[in-house]
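Text of the file input-v3.csv, holding CSV, C-alpha atoms:
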```csv
chain,number,residue,atom,x,y,z
T,6,MET,CA,15.5,-11.1,-9.4
T,7,SER,CA,16.0,-7.6,-8.0
T,8,LYS,CA,15.5,-7.2,-4.3
T,9,ASN,CA,12.9,-4.6,-5.1
T,10,VAL,CA,10.9,-7.0,-7.3
T,11,ILE,CA,8.7,-9.5,-5.4
T,12,ILE,CA,6.9,-12.4,-7.1
T,13,THR,CA,4.0,-14.1,-5.4
T,14,ASP,CA,1.7,-16.8,-6.6
T,15,ARG,CA,-0.5,-14.4,-8.6
T,16,LEU,CA,1.3,-11.0,-8.4
T,17,ILE,CA,4.4,-9.2,-9.4
T,18,LEU,CA,5.3,-6.2,-7.1
T,19,ARG,CA,7.9,-3.9,-8.7
T,20,PRO,CA,8.9,-0.3,-8.4
T,21,VAL,CA,6.4,2.2,-9.8
T,22,GLY,CA,7.6,3.6,-13.2
T,23,ALA,CA,6.6,5.8,-16.0
T,24,ARG,CA,4.9,2.9,-17.8
T,25,ASP,CA,2.3,2.9,-15.0
T,26,ALA,CA,1.0,6.4,-15.4
T,27,GLU,CA,-2.1,5.8,-17.5
T,28,ALA,CA,-3.1,2.7,-15.5
T,29,ILE,CA,-2.6,4.6,-12.2
T,30,ALA,CA,-4.7,7.5,-13.5
T,31,ALA,CA,-7.5,5.2,-14.7
T,32,LEU,CA,-7.8,3.2,-11.5
T,33,ALA,CA,-7.2,6.1,-9.0
T,34,ASP,CA,-9.8,8.3,-10.6
T,35,ASN,CA,-12.5,6.6,-8.6
T,36,TYR,CA,-14.3,8.2,-5.7
T,37,LYS,CA,-14.7,4.8,-4.0
T,38,VAL,CA,-10.9,4.5,-4.0
T,39,ALA,CA,-10.1,8.1,-3.2
T,40,ILE,CA,-12.5,8.4,-0.2
T,41,MET,CA,-10.6,5.7,1.7
T,42,LEU,CA,-7.1,7.2,1.2
T,43,SER,CA,-5.4,10.1,2.8
T,44,ARG,CA,-3.3,11.6,0.0
T,45,LEU,CA,-5.1,10.7,-3.2
T,46,PRO,CA,-6.6,13.7,-5.0
T,47,TYR,CA,-10.0,13.3,-6.7
T,48,PRO,CA,-10.6,13.7,-9.5
T,49,TYR,CA,-7.3,12.0,-10.4
T,50,SER,CA,-5.6,13.0,-13.6
T,51,LEU,CA,-2.7,11.7,-15.7
T,52,ALA,CA,-0.7,14.7,-14.4
T,53,HIS,CA,-1.3,13.5,-10.9
T,54,ALA,CA,-0.1,10.1,-11.8
T,55,ARG,CA,3.1,11.5,-13.4
T,56,ASP,CA,3.8,13.6,-10.3
T,57,PHE,CA,3.3,10.6,-8.0
T,58,ILE,CA,5.7,8.5,-10.1
T,59,ALA,CA,8.3,11.2,-10.0
T,60,TRP,CA,7.9,11.4,-6.2
T,61,ALA,CA,8.0,7.6,-5.8
T,62,VAL,CA,11.2,7.0,-7.7
T,63,ASP,CA,13.0,9.5,-5.4
T,64,GLN,CA,12.4,7.7,-2.1
T,65,PRO,CA,15.2,6.4,0.1
T,66,ALA,CA,16.4,2.8,-0.5
T,67,ASP,CA,14.6,1.3,2.5
T,68,GLU,CA,11.3,2.9,1.4
T,69,THR,CA,9.7,1.3,-1.7
T,70,ILE,CA,6.6,2.2,-3.6
T,71,PHE,CA,5.4,-0.9,-5.4
T,72,ALA,CA,3.3,-1.3,-8.4
T,73,ILE,CA,1.0,-4.3,-7.9
T,74,CYS,CA,0.6,-6.2,-11.1
T,75,LEU,CA,-1.1,-9.4,-12.1
T,76,LYS,CA,1.3,-12.2,-12.9
T,77,ASP,CA,-0.2,-12.7,-16.3
T,78,GLU,CA,1.1,-12.2,-19.9
T,79,THR,CA,0.5,-8.5,-19.7
T,80,GLU,CA,1.5,-7.8,-16.1
T,81,SER,CA,-1.7,-5.8,-15.7
T,82,PHE,CA,-1.3,-2.9,-13.2
T,83,ILE,CA,-3.9,-3.2,-10.4
T,84,GLY,CA,-2.8,-1.0,-7.5
T,85,VAL,CA,0.0,0.4,-5.3
T,86,ALA,CA,1.5,-0.7,-2.0
T,87,SER,CA,4.2,1.1,-0.1
T,88,CYS,CA,6.4,0.9,2.9
T,89,GLU,CA,7.5,4.5,3.7
T,90,ARG,CA,8.0,6.9,6.5
T,91,ARG,CA,5.1,9.4,6.6
T,92,GLU,CA,4.4,11.1,10.0
T,93,THR,CA,6.8,9.2,12.2
T,94,ASP,CA,10.2,7.5,11.9
T,95,GLU,CA,8.5,4.1,11.7
T,96,PRO,CA,7.8,2.8,8.3
T,97,GLU,CA,4.1,2.8,7.4
T,98,LEU,CA,2.5,0.2,5.2
T,99,GLY,CA,0.0,1.8,2.8
T,100,TYR,CA,-1.9,0.5,-0.2
T,101,TRP,CA,-4.8,0.8,-2.6
T,102,LEU,CA,-6.3,-1.4,-5.2
T,103,GLY,CA,-8.3,-0.5,-8.3
T,104,GLU,CA,-12.0,-1.3,-7.8
T,105,PRO,CA,-12.2,-4.0,-10.5
T,106,TYR,CA,-9.7,-6.1,-8.4
T,107,TRP,CA,-11.4,-5.8,-5.0
T,108,GLY,CA,-12.6,-9.0,-3.2
T,109,LYS,CA,-10.2,-11.4,-4.9
T,110,GLY,CA,-7.5,-11.6,-2.2
T,111,TYR,CA,-4.9,-9.7,-4.2
T,112,MET,CA,-4.3,-7.1,-1.5
T,113,SER,CA,-3.8,-9.7,1.3
T,114,GLU,CA,-1.3,-11.5,-1.0
T,115,ALA,CA,0.6,-8.2,-1.7
T,116,VAL,CA,0.6,-7.1,1.9
T,117,ARG,CA,2.1,-10.4,3.1
T,118,ALA,CA,4.8,-10.1,0.5
T,119,ILE,CA,5.6,-6.5,1.4
T,120,ILE,CA,5.8,-7.3,5.1
T,121,ALA,CA,8.3,-10.0,4.4
T,122,HIS,CA,10.3,-7.6,2.3
T,123,ALA,CA,10.2,-4.9,4.9
T,124,PHE,CA,11.5,-7.2,7.6
T,125,THR,CA,14.0,-9.2,5.6
T,126,GLU,CA,15.3,-7.0,2.8
T,127,ALA,CA,14.7,-3.4,4.2
T,128,GLY,CA,15.7,-4.4,7.8
T,129,HIS,CA,12.7,-2.8,9.6
T,130,ASP,CA,11.9,-3.9,13.1
T,131,ARG,CA,8.3,-2.6,13.3
T,132,LEU,CA,5.6,-1.5,10.8
T,133,ILE,CA,2.6,0.7,11.3
T,134,SER,CA,-0.5,1.0,9.2
T,135,GLY,CA,-3.9,2.4,9.4
T,136,CYS,CA,-7.3,2.7,7.7
T,137,ARG,CA,-10.5,4.7,7.9
T,138,LEU,CA,-13.0,3.4,10.5
T,139,GLN,CA,-15.5,2.4,7.8
T,140,ASN,CA,-12.8,0.6,5.7
T,141,LEU,CA,-13.6,-2.9,7.0
T,142,ALA,CA,-11.9,-4.6,4.0
T,143,SER,CA,-8.6,-2.9,4.8
T,144,ARG,CA,-8.9,-3.7,8.4
T,145,ARG,CA,-9.4,-7.4,7.6
T,146,VAL,CA,-6.3,-7.3,5.3
T,147,LEU,CA,-4.2,-5.9,8.2
T,148,GLU,CA,-5.5,-8.3,10.8
T,149,LYS,CA,-5.0,-11.4,8.5
T,150,ALA,CA,-1.4,-10.2,8.0
T,151,GLY,CA,-0.8,-10.2,11.8
T,152,PHE,CA,-1.2,-6.5,12.6
T,153,GLU,CA,-2.5,-5.7,16.0
T,154,HIS,CA,-5.0,-2.9,16.6
T,155,ALA,CA,-3.2,-0.1,18.5
T,156,GLY,CA,-6.1,2.4,18.9
T,157,ARG,CA,-7.9,5.1,17.0
T,158,TYR,CA,-6.3,8.1,15.4
T,159,GLU,CA,-7.1,10.8,12.9
T,160,ILE,CA,-6.2,10.5,9.2
T,161,ASP,CA,-5.8,13.5,6.9
T,162,SER,CA,-8.2,13.3,3.9
T,163,LEU,CA,-7.1,15.2,0.9
T,164,LEU,CA,-10.5,14.6,-0.8
T,165,LEU,CA,-12.6,15.7,2.2
T,166,LYS,CA,-10.1,18.4,3.2
T,167,THR,CA,-10.3,17.5,6.8
T,168,ARG,CA,-9.2,14.8,9.3
T,169,VAL,CA,-11.3,11.7,9.6
T,170,PRO,CA,-11.3,8.9,12.2
T,171,GLY,CA,-9.3,5.8,11.7
T,172,HIS,CA,-7.7,2.7,13.2
T,173,ARG,CA,-4.0,2.4,13.8
T,174,PHE,CA,-2.3,-1.0,13.6
T,175,THR,CA,1.2,-2.2,14.4
T,176,LEU,CA,3.3,-5.3,13.5
T,177,SER,CA,6.7,-6.1,15.1
T,178,ARG,CA,9.3,-8.2,13.5
T,179,ALA,CA,9.1,-10.6,16.5
T,180,ARG,CA,5.3,-11.0,16.2
T,181,TRP,CA,5.7,-11.6,12.4
T,182,GLU,CA,8.4,-14.2,12.9
T,183,GLY,CA,6.3,-15.9,15.6
T,184,LEU,CA,3.3,-16.1,13.3
T,185,ALA,CA,5.4,-17.5,10.5
T,186,ALA,CA,6.8,-20.2,12.8
```
Please re-express this file's structure in structure tokens.
Amino acid sequence: MSKNVIITDRLILRPVGARDAEAIAALADNYKVAIMLSRLPYPYSLAHARDFIAWAVDQPADETIFAICLKDETESFIGVASCERRETDEPELGYWLGEPYWGKGYMSEAVRAIIAHAFTEAGHDRLISGCRLQNLASRRVLEKAGFEHAGRYEIDSLLLKTRVPGHRFTLSRARWEGLAA
């Protein structure tokens, strides 16, 4: 198994690739998904998906953009999760899931796996993440994974073309190890 492929009970997380373009475009072209994210254009086209994939495959080795797929016979693409540097030197955990897959615990499972990968394979010491104030589901995912609330901040919204209020979260390797013990 490649160090950039993660297998959980129900999911396969692997690098995003050209084969994901149509599924990304289909699931990301959803206002309910786009409104919660900072960098997702809406409407979202196949060209957007191809541009995203080209960008994703060109990231540094310790920054991985994962396709989240169901561990079934078709490896159905259901979303994206990443650990990348955005506005700071600290790696930021980001993610989104297609609406048909909400409420099934998939994102919590994917986030736990990516955190483990970030601390054990990529060698990070601390992760940050964030979500919009009204995104209670994302906040629950982060808190269940051990992230601690670090205050409020503003998030750029490509869709709204402005900054919107959000919550910032952090997770240190030491805290993660302590929670795993």
### Task
For each of T:Pro20, T:Gly151, T:Ile12, T:Glu97, take the minimum atom-to-atom distance to Asp63 (chain T), counting all atoms listed in the file, then give the residue where this is smallest.
T:Pro20
Here's a test: counting only C-alpha atoms, identify every protein, DNA and RNA residue with an atom at most 12 Å from (-11.0, 6.6, -6.7) in the file's coordinate frame, and state them as a short mmCIF file (atom, residue, chain, number, x, y, z; two decimals) with C-alpha atoms, in the coordinates of the input.
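File written: part-v1.cif
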```cif
data_model
loop_
_atom_site.label_atom_id
_atom_site.label_comp_id
_atom_site.auth_asym_id
_atom_site.auth_seq_id
_atom_site.Cartn_x
_atom_site.Cartn_y
_atom_site.Cartn_z
CA ILE T 29 -2.60 4.60 -12.20
CA ALA T 30 -4.70 7.50 -13.50
CA ALA T 31 -7.50 5.20 -14.70
CA LEU T 32 -7.80 3.20 -11.50
CA ALA T 33 -7.20 6.10 -9.00
CA ASP T 34 -9.80 8.30 -10.60
CA ASN T 35 -12.50 6.60 -8.60
CA TYR T 36 -14.30 8.20 -5.70
CA LYS T 37 -14.70 4.80 -4.00
CA VAL T 38 -10.90 4.50 -4.00
CA ALA T 39 -10.10 8.10 -3.20
CA ILE T 40 -12.50 8.40 -0.20
CA MET T 41 -10.60 5.70 1.70
CA LEU T 42 -7.10 7.20 1.20
CA SER T 43 -5.40 10.10 2.80
CA ARG T 44 -3.30 11.60 0.00
CA LEU T 45 -5.10 10.70 -3.20
CA PRO T 46 -6.60 13.70 -5.00
CA TYR T 47 -10.00 13.30 -6.70
CA PRO T 48 -10.60 13.70 -9.50
CA TYR T 49 -7.30 12.00 -10.40
CA SER T 50 -5.60 13.00 -13.60
CA GLY T 84 -2.80 -1.00 -7.50
CA TRP T 101 -4.80 0.80 -2.60
CA LEU T 102 -6.30 -1.40 -5.20
CA GLY T 103 -8.30 -0.50 -8.30
CA GLU T 104 -12.00 -1.30 -7.80
CA PRO T 105 -12.20 -4.00 -10.50
CA LEU T 164 -10.50 14.60 -0.80
#
```
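Candidate residues T:Phe152, T:Ile73, T:Trp181, T:Ala52 were compared for distance to Ala121 (chain T), and the nearest is T:Trp181, using all atoms listed in the file.
Closest approach to Gln139 (chain T) among T:Ala26, T:Leu51, T:Val169, T:Ile120: T:Val169, based on only C-alpha atoms.
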### Task
Determine, counting only C-alpha atoms, which protein, DNA and RNA residues have an atom within 10 Å of an atom of Asn9 (chain T); residues of the same chain fewer than 4 positions away are not included. Present the result as JSON, numbers by chain.
{"T": [18, 19, 20, 66, 67, 69, 70, 71, 119, 122, 126, 127]}
### Query
When you draw a straight line from CA of Ile11 (chain T) to CA of Thr79 (chain T), how long is it in Å?
16.5 Å
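Our summary of the geometry notes that CA of Cys88 (chain T) is positioned 5.5 Å from CA of Glu68 (chain T).
Residues with any atom within 9 Å of Ser113 (chain T), counting all atoms listed in the file and excluding same-chain neighbours fewer than 2 positions away, are T:Gly110, T:Tyr111, T:Ala115, T:Val116, T:Arg117, T:Ala118, T:Arg145, T:Val146, T:Leu147, T:Lys149, T:Ala150.
Interatomic distance, CA of Leu98 (chain T) to CA of Ser134 (chain T): 5.1 Å.
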### Query
With all atoms listed in the file as the atoms that count, which of T:Lys109, T:Arg144, T:Arg131, T:Arg91 lies nearest to Asp161 (chain T)?
T:Arg91
### Task
With a distance cut-off of 9 Å and only C-alpha atoms, select the neighbouring residues of Gly99 (chain T), excluding the residue or stretch itself and same-chain residues fewer than 5 positions from it, and output the selection as a VMD selection string.
chain T and resid 85 to 89 116 133 to 136
### Query
Using only C-alpha atoms, can you list as a ChimeraX atom specification the residues within 12 Å of (7.3, 4.6, -17.7)?
/T:20-29,54-55,58-59,62,72
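If only C-alpha atoms are the atoms counted, then among T:Leu141, T:Ile160, T:Phe174, T:Thr167 the closest residue to Gly108 (chain T) is T:Leu141.
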### Query
What's the 8 Å shell around region 154-156 of chain T, counting all atoms listed in the file, without same-chain residues fewer than 2 positions away, as a list in words?
Glu148, Phe152, Tyr158, His172, Arg173, Phe174 and Thr175 of chain T
### Task
May I have the residues within 10 Å of Asp130 (chain T) as a count of residues only, using only C-alpha atoms and disregarding those fewer than 6 positions away in the same chain?
9
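Among the candidate residues T:Tyr100, T:Gly128, T:Ala61, T:Ile17, the one lying nearest to Lys76 (chain T) is T:Ile17, with distances computed using all atoms listed in the file.
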